[in-house]
Amino acid sequence: MKIKLLALCLFSAFLGSAQHTYNSYNKDATTYREHALDMIKMKVEVAFEPAVGLVKGKVTHQFKVLQKKVDSVFFDGPGIDILSATLNGKSLSYKTVPSGIWVFPAMPLQWDQNGEIIFTYTAKPRKGIYFIGWNVPEPKTADPFAVRKQIWTQGQGIDNRYWIPMYDDMNDKFITETVTTFDKNYQVLSNGKLLSKKENKDGTITWHYAMSKPHAGYLLMLGIGKYAVATAKSKSGVPLQYWYYPEFKDRLEPTYRYTPMMVDFLEEETGVKYPWESYSQIMVQDFLYGAMENTTATIFGDFFNVDARAYLDRNYVGVNCHELTHQWFGDYITARDGRDAWLQESFATYYPKQLSRVLDGEDEWNWQRRAHQNTAIQAGKKDFLGVRVSGGGTARVYQKGSAVISMLEYVLGSEQWKRVLKHYLAKHAYANVETNDLQQAIKDVLGLNLDWFFDQWIMRGGEPHYRVHYEDLSYQDGSRATEIAIEQIQDMNEIVRTFKMPIRLEVYYTDGSVSAVNEMISEAFEVVKIPNSGNRKIAFVLFDPNSNVLKQVTFKKSLESLLEQVKRAPYMLDRYDALVGLRTYSLDQKRDVLISLFKQEKHEGIVNEIISQLANDVDMTSKNLLLQSFKNNKAAIRDHAVKSIRIEAQNKSYFELALIDSSYDVVKSSLEKLCAAYPQEAATFLQATKDVHGMFHSVRMKWLELSIVHGYETDAAKNELVQYAGPAYEFRTRNQAFIVLKSTGVFTETLAEYLVQAMLSTNGRLAAPAADLAGHFAANLAYQSRFKKILGTKNFSSEEREILLRHAFMRD
């Protein structure tokens, strides 16, 4: 039963302001890009001179005219040098401008007319296509993090235009075809089906790929390098290719684990078969992001190329599912413009969360839901931007959107939600979509109007913040009830209003019984009344059990209620929330419950919270119990135990045993903690771990740092550390070295040269940390002169000099 107390004087002034109707939403500069031609097909023919980053290309655009009369057409292509242009086989007048190329047909184009425009061109881009490792010697020994010679592309957002003159916007979809001629010692991957592979007399091979269905131009890709290719099939028969480094075949299975199952899972979840002819994945070095969902051919950073040990710490599974989801949400259906990017990224964030439910169980699914909610809430504390705002930020487009989709499923029910999705995908197959299309699908399929839902969660910004309080009341007629007062206390403005959502409320009693109601909460202040027919004593109350609604909650609870909740709440998230509420209480007040809970709970989130609260307990029962954490089958729990538990004589052996743990993270944490606690024995610990390197040599970097700090093989450690900072290694290894070099103060002339080289990288995730470290050392005038000397003696291009001179320490 819900009681609306709108007349209460306590809230009258607040409610008076809250009842205004606001029509102003977030301002957004993004608009639909107009275009006079509908591109039907784009064929790209390219060759490269990788040592100088040169593209030599020919692109053929087949089109249909959309407008009545077209006397000029613009193609994106900043910095591209056009050698020739033709229209239907005849010379075409053109003019280059900084952002691209204008073409001027001799006779205006007429609507519904079909035509073909061909450009031949060259380009030396710093975006869109990347030439990795071509000016660095091949590594002498097999090292998964040594630099490799590769060429790869990254078209999203609008970067394919830097190496192809094209209409580069997501609102037009067309068939693509690539013809790539390159050194026969390398393999080439592109979108679609490999039509032919022709060996040429000059030592090259021409690779011809083509798509059979249209997709957005930013999804065109190339990947070139030395690879082996493993094949597989999903249960539904989708052909799969895994491109991997042949010298590290042991990493193939851990890296691509669960891929066939993911295809089957997504087909089942969406109700739509995989919509393309095949699916390939290729790892590349120095990738700018995590991965990219190019149609039929995902590129991902080889920092996900894990061995069996690294898999325990972090792996490609979630990202793999994210990019595979994009083959439906992003590639099959594509947002019309950047404002609706959430229709791609939010779904690609939502489905890995759903997959975790299958792979890792209900608790992990709930934990990931909560993580997405927390990320959204933190973003909401900074501003009131909505999900459907092009400048809303990653937290809105990825995590908040994912949380909103989960709430849609919660509101509609899983079966109805899946029915809507199947209709939505099928109706807009190979086409563009916008938010209204999803809203309309709900109306068309279910006859339900959820405009209120989309308005508050997608169009507007903010999240609800509920203040909850309850009282156990007896009435004159002898009846008894729990009255739960719910107040929305989020900041209200022209963008953020009160929220309307179905909320479940549960009252748990000391006799083990439960009363519950479901109510639509929409007002700024409401009271929900739950009858207590047996005059039972309340143990605790839950507001939105299992956190189905994205929100903040202020709900003060007594120690007794928290202890009961942590023991009895059915869902892990509610037990976790009660556990967090116990942080402020003394160990004597909660120890027995924490110990009991430690023996029962399995999920790392709640187990690690228990470890944190018991870590400093002097009680021997707690100490002995926590030592079990070192043998837990989850690496994240073992690592947290190593970091949280104080080393003492009686538990030192557990930390020493952790030096040979299967997890690289655990080894690294143990080594650092042992050396700090027993510096006189550092040499022993270092000797025991001298052959452990880990991902990006991260364990080795810690080893080198501790060697320098503790005077163990110091000179050799410094020299090795500087080498890891050099161009012979991929960017994450180099970044790890930068961190240790800064902390240890190691500087050499060779390092200065390495830093300048890194500052010129097209990878901002390498260039920025290199510039930061160079600036740190350049604060010392003696070191600053070394950087200026490099600038004065090396033969830099004008563009390179301009980049370097942006930094004050490089200028006179």
# chains A, B, ... in the order shown; residues from 1 in each chain; ligands from 1

call {"tool": "residues_around", "arguments": {"residues": "Ala717 of chain A", "least_positions_apart": "2", "cutoff": "8 Å", "atoms": "only C-alpha atoms", "output": "ChimeraX atom specification"}}
result
/A:704-705,707-708,713-715,719-721

call {"tool": "select_by_dssp", "arguments": {"residues": "segment 6-113 of chain A", "states": "alpha helix (DSSP H)", "output": "number ranges by chain"}}
result
A: 9-18

call {"tool": "write_last_selection", "arguments": {"atoms": "C-alpha atoms", "output": "PDB file, in the first residue's frame"}}
result
ATOM      1  CA  CYS A   9       4.266  21.055   5.239  1.00  0.00           C
ATOM      2  CA  LEU A  10       7.785  19.695   5.628  1.00  0.00           C
ATOM      3  CA  PHE A  11       7.948  19.124   1.876  1.00  0.00           C
ATOM      4  CA  SER A  12       5.504  21.693   0.539  1.00  0.00           C
ATOM      5  CA  ALA A  13       8.054  24.276  -0.550  1.00  0.00           C
ATOM      6  CA  PHE A  14      10.255  21.627  -2.149  1.00  0.00           C
ATOM      7  CA  LEU A  15       7.394  19.947  -3.952  1.00  0.00           C
ATOM      8  CA  GLY A  16       6.093  23.250  -5.245  1.00  0.00           C
ATOM      9  CA  SER A  17       9.311  23.725  -7.171  1.00  0.00           C
ATOM     10  CA  ALA A  18       9.515  20.076  -8.174  1.00  0.00           C
TER      11      ALA A  18
END

call {"tool": "residues_around", "arguments": {"residues": "Val55 of chain A", "least_positions_apart": "5", "cutoff": "9 Å", "atoms": "only C-alpha atoms", "output": "PyMOL selection string"}}
result
chain A and resi 46-50+121-125+163

call {"tool": "residues_around", "arguments": {"residues": "Ile645 of chain A", "least_positions_apart": "4", "cutoff": "8 Å", "atoms": "only C-alpha atoms", "output": "PyMOL selection string"}}
result
chain A and resi 611+615-616+641

call {"tool": "write_last_selection", "arguments": {"atoms": "N, CA and C atoms", "output": "short mmCIF file (atom, residue, chain, number, x, y, z; two decimals), in the first residue's frame"}}
result
data_model
loop_
_atom_site.label_atom_id
_atom_site.label_comp_id
_atom_site.auth_asym_id
_atom_site.auth_seq_id
_atom_site.Cartn_x
_atom_site.Cartn_y
_atom_site.Cartn_z
N ILE A 611 38.18 -9.78 4.13
CA ILE A 611 39.62 -9.78 4.38
C ILE A 611 40.08 -8.40 4.83
N ALA A 615 41.78 -7.87 8.40
CA ALA A 615 43.22 -7.94 8.14
C ALA A 615 44.08 -7.52 9.33
N ASN A 616 43.62 -6.55 10.09
CA ASN A 616 44.42 -6.05 11.21
C ASN A 616 43.94 -6.58 12.56
N ALA A 641 44.66 -10.74 -0.44
CA ALA A 641 45.16 -11.21 0.85
C ALA A 641 46.62 -10.81 1.04
#

call {"tool": "residues_around", "arguments": {"residues": "segment 389-395 of chain A", "least_positions_apart": "4", "cutoff": "10 Å", "atoms": "only C-alpha atoms", "output": "MDAnalysis selection string"}}
result
chainID A and resid 25:31 337:342 345:346 372:380 383:385 399:402 458:461

call {"tool": "select_by_dssp", "arguments": {"residues": "segment 216-407 of chain A", "states": "strand (DSSP E)", "output": "PyMOL selection string"}}
result
chain A and resi 216+222-225+228-233+239-244+279-284+291-292+297-301+333-335

call {"tool": "write_last_selection", "arguments": {"atoms": "N, CA and C atoms", "output": "mmCIF file, in the first residue's frame"}}
result
data_model
loop_
_atom_site.group_PDB
_atom_site.id
_atom_site.type_symbol
_atom_site.label_atom_id
_atom_site.label_comp_id
_atom_site.auth_asym_id
_atom_site.auth_seq_id
_atom_site.Cartn_x
_atom_site.Cartn_y
_atom_site.Cartn_z
ATOM 1 N N ALA A 216 29.118 0.557 -42.390
ATOM 2 C CA ALA A 216 29.612 1.936 -42.348
ATOM 3 C C ALA A 216 31.088 1.982 -42.690
ATOM 4 N N LEU A 222 42.284 -3.013 -42.266
ATOM 5 C CA LEU A 222 43.392 -3.825 -42.752
ATOM 6 C C LEU A 222 44.253 -4.215 -41.562
ATOM 7 N N GLY A 223 44.756 -5.434 -41.583
ATOM 8 C CA GLY A 223 45.734 -5.889 -40.608
ATOM 9 C C GLY A 223 46.802 -6.682 -41.323
ATOM 10 N N ILE A 224 48.056 -6.258 -41.194
ATOM 11 C CA ILE A 224 49.158 -6.888 -41.932
ATOM 12 C C ILE A 224 50.282 -7.214 -40.954
ATOM 13 N N GLY A 225 50.796 -8.428 -41.015
ATOM 14 C CA GLY A 225 51.898 -8.828 -40.158
ATOM 15 C C GLY A 225 52.250 -10.281 -40.390
ATOM 16 N N ALA A 228 50.085 -16.726 -37.818
ATOM 17 C CA ALA A 228 49.496 -18.024 -38.138
ATOM 18 C C ALA A 228 47.989 -17.873 -37.922
ATOM 19 N N VAL A 229 47.201 -18.723 -38.536
ATOM 20 C CA VAL A 229 45.752 -18.605 -38.440
ATOM 21 C C VAL A 229 45.166 -19.943 -38.012
ATOM 22 N N ALA A 230 44.459 -19.934 -36.881
ATOM 23 C CA ALA A 230 43.725 -21.115 -36.423
ATOM 24 C C ALA A 230 42.252 -20.936 -36.770
ATOM 25 N N THR A 231 41.570 -22.028 -37.039
ATOM 26 C CA THR A 231 40.164 -21.949 -37.431
ATOM 27 C C THR A 231 39.295 -22.737 -36.458
ATOM 28 N N ALA A 232 38.040 -22.334 -36.397
ATOM 29 C CA ALA A 232 37.047 -23.016 -35.562
ATOM 30 C C ALA A 232 35.675 -22.709 -36.133
ATOM 31 N N LYS A 233 34.636 -23.283 -35.525
ATOM 32 C CA LYS A 233 33.259 -22.990 -35.914
ATOM 33 C C LYS A 233 32.394 -22.942 -34.663
ATOM 34 N N PRO A 239 31.971 -19.646 -39.440
ATOM 35 C CA PRO A 239 33.425 -19.876 -39.551
ATOM 36 C C PRO A 239 34.194 -18.824 -38.757
ATOM 37 N N LEU A 240 35.145 -19.281 -37.938
ATOM 38 C CA LEU A 240 35.926 -18.395 -37.087
ATOM 39 C C LEU A 240 37.403 -18.530 -37.420
ATOM 40 N N GLN A 241 38.109 -17.394 -37.405
ATOM 41 C CA GLN A 241 39.555 -17.391 -37.595
ATOM 42 C C GLN A 241 40.213 -16.643 -36.433
ATOM 43 N N TYR A 242 41.258 -17.260 -35.885
ATOM 44 C CA TYR A 242 42.039 -16.630 -34.826
ATOM 45 C C TYR A 242 43.444 -16.360 -35.374
ATOM 46 N N TRP A 243 43.777 -15.124 -35.595
ATOM 47 C CA TRP A 243 45.107 -14.746 -36.058
ATOM 48 C C TRP A 243 46.012 -14.561 -34.841
ATOM 49 N N TYR A 244 47.162 -15.241 -34.859
ATOM 50 C CA TYR A 244 48.028 -15.211 -33.673
ATOM 51 C C TYR A 244 49.495 -15.233 -34.106
ATOM 52 N N TYR A 279 33.831 -14.635 -39.175
ATOM 53 C CA TYR A 279 34.321 -13.748 -38.117
ATOM 54 C C TYR A 279 35.781 -14.065 -37.816
ATOM 55 N N SER A 280 36.624 -13.050 -37.988
ATOM 56 C CA SER A 280 38.051 -13.181 -37.704
ATOM 57 C C SER A 280 38.442 -12.206 -36.600
ATOM 58 N N GLN A 281 39.511 -12.553 -35.894
ATOM 59 C CA GLN A 281 40.085 -11.653 -34.896
ATOM 60 C C GLN A 281 41.591 -11.638 -35.076
ATOM 61 N N ILE A 282 42.176 -10.450 -34.968
ATOM 62 C CA ILE A 282 43.611 -10.307 -35.178
ATOM 63 C C ILE A 282 44.200 -9.407 -34.105
ATOM 64 N N MET A 283 45.243 -9.881 -33.469
ATOM 65 C CA MET A 283 45.942 -9.090 -32.457
ATOM 66 C C MET A 283 46.980 -8.200 -33.143
ATOM 67 N N VAL A 284 47.100 -6.977 -32.647
ATOM 68 C CA VAL A 284 48.095 -6.055 -33.199
ATOM 69 C C VAL A 284 48.819 -5.350 -32.061
ATOM 70 N N ALA A 291 40.104 -2.700 -28.249
ATOM 71 C CA ALA A 291 39.832 -3.472 -29.460
ATOM 72 C C ALA A 291 38.878 -2.665 -30.331
ATOM 73 N N MET A 292 38.663 -3.141 -31.557
ATOM 74 C CA MET A 292 37.788 -2.440 -32.491
ATOM 75 C C MET A 292 37.016 -3.453 -33.316
ATOM 76 N N ALA A 297 35.912 -8.630 -38.796
ATOM 77 C CA ALA A 297 37.352 -8.699 -38.535
ATOM 78 C C ALA A 297 37.729 -7.755 -37.400
ATOM 79 N N THR A 298 37.618 -8.229 -36.184
ATOM 80 C CA THR A 298 37.967 -7.423 -35.013
ATOM 81 C C THR A 298 39.475 -7.342 -34.847
ATOM 82 N N ILE A 299 39.941 -6.134 -34.589
ATOM 83 C CA ILE A 299 41.326 -5.887 -34.204
ATOM 84 C C ILE A 299 41.366 -5.711 -32.692
ATOM 85 N N PHE A 300 42.346 -6.326 -32.035
ATOM 86 C CA PHE A 300 42.507 -6.068 -30.606
ATOM 87 C C PHE A 300 43.992 -5.953 -30.255
ATOM 88 N N GLY A 301 44.253 -5.228 -29.166
ATOM 89 C CA GLY A 301 45.636 -5.039 -28.743
ATOM 90 C C GLY A 301 46.255 -6.332 -28.261
ATOM 91 N N ILE A 333 23.316 -3.160 -37.299
ATOM 92 C CA ILE A 333 22.586 -1.890 -37.200
ATOM 93 C C ILE A 333 23.564 -0.853 -36.660
ATOM 94 N N THR A 334 23.519 0.342 -37.210
ATOM 95 C CA THR A 334 24.512 1.367 -36.899
ATOM 96 C C THR A 334 23.811 2.661 -36.530
ATOM 97 N N ALA A 335 24.274 3.305 -35.472
ATOM 98 C CA ALA A 335 23.695 4.580 -35.056
ATOM 99 C C ALA A 335 23.770 5.590 -36.198
#
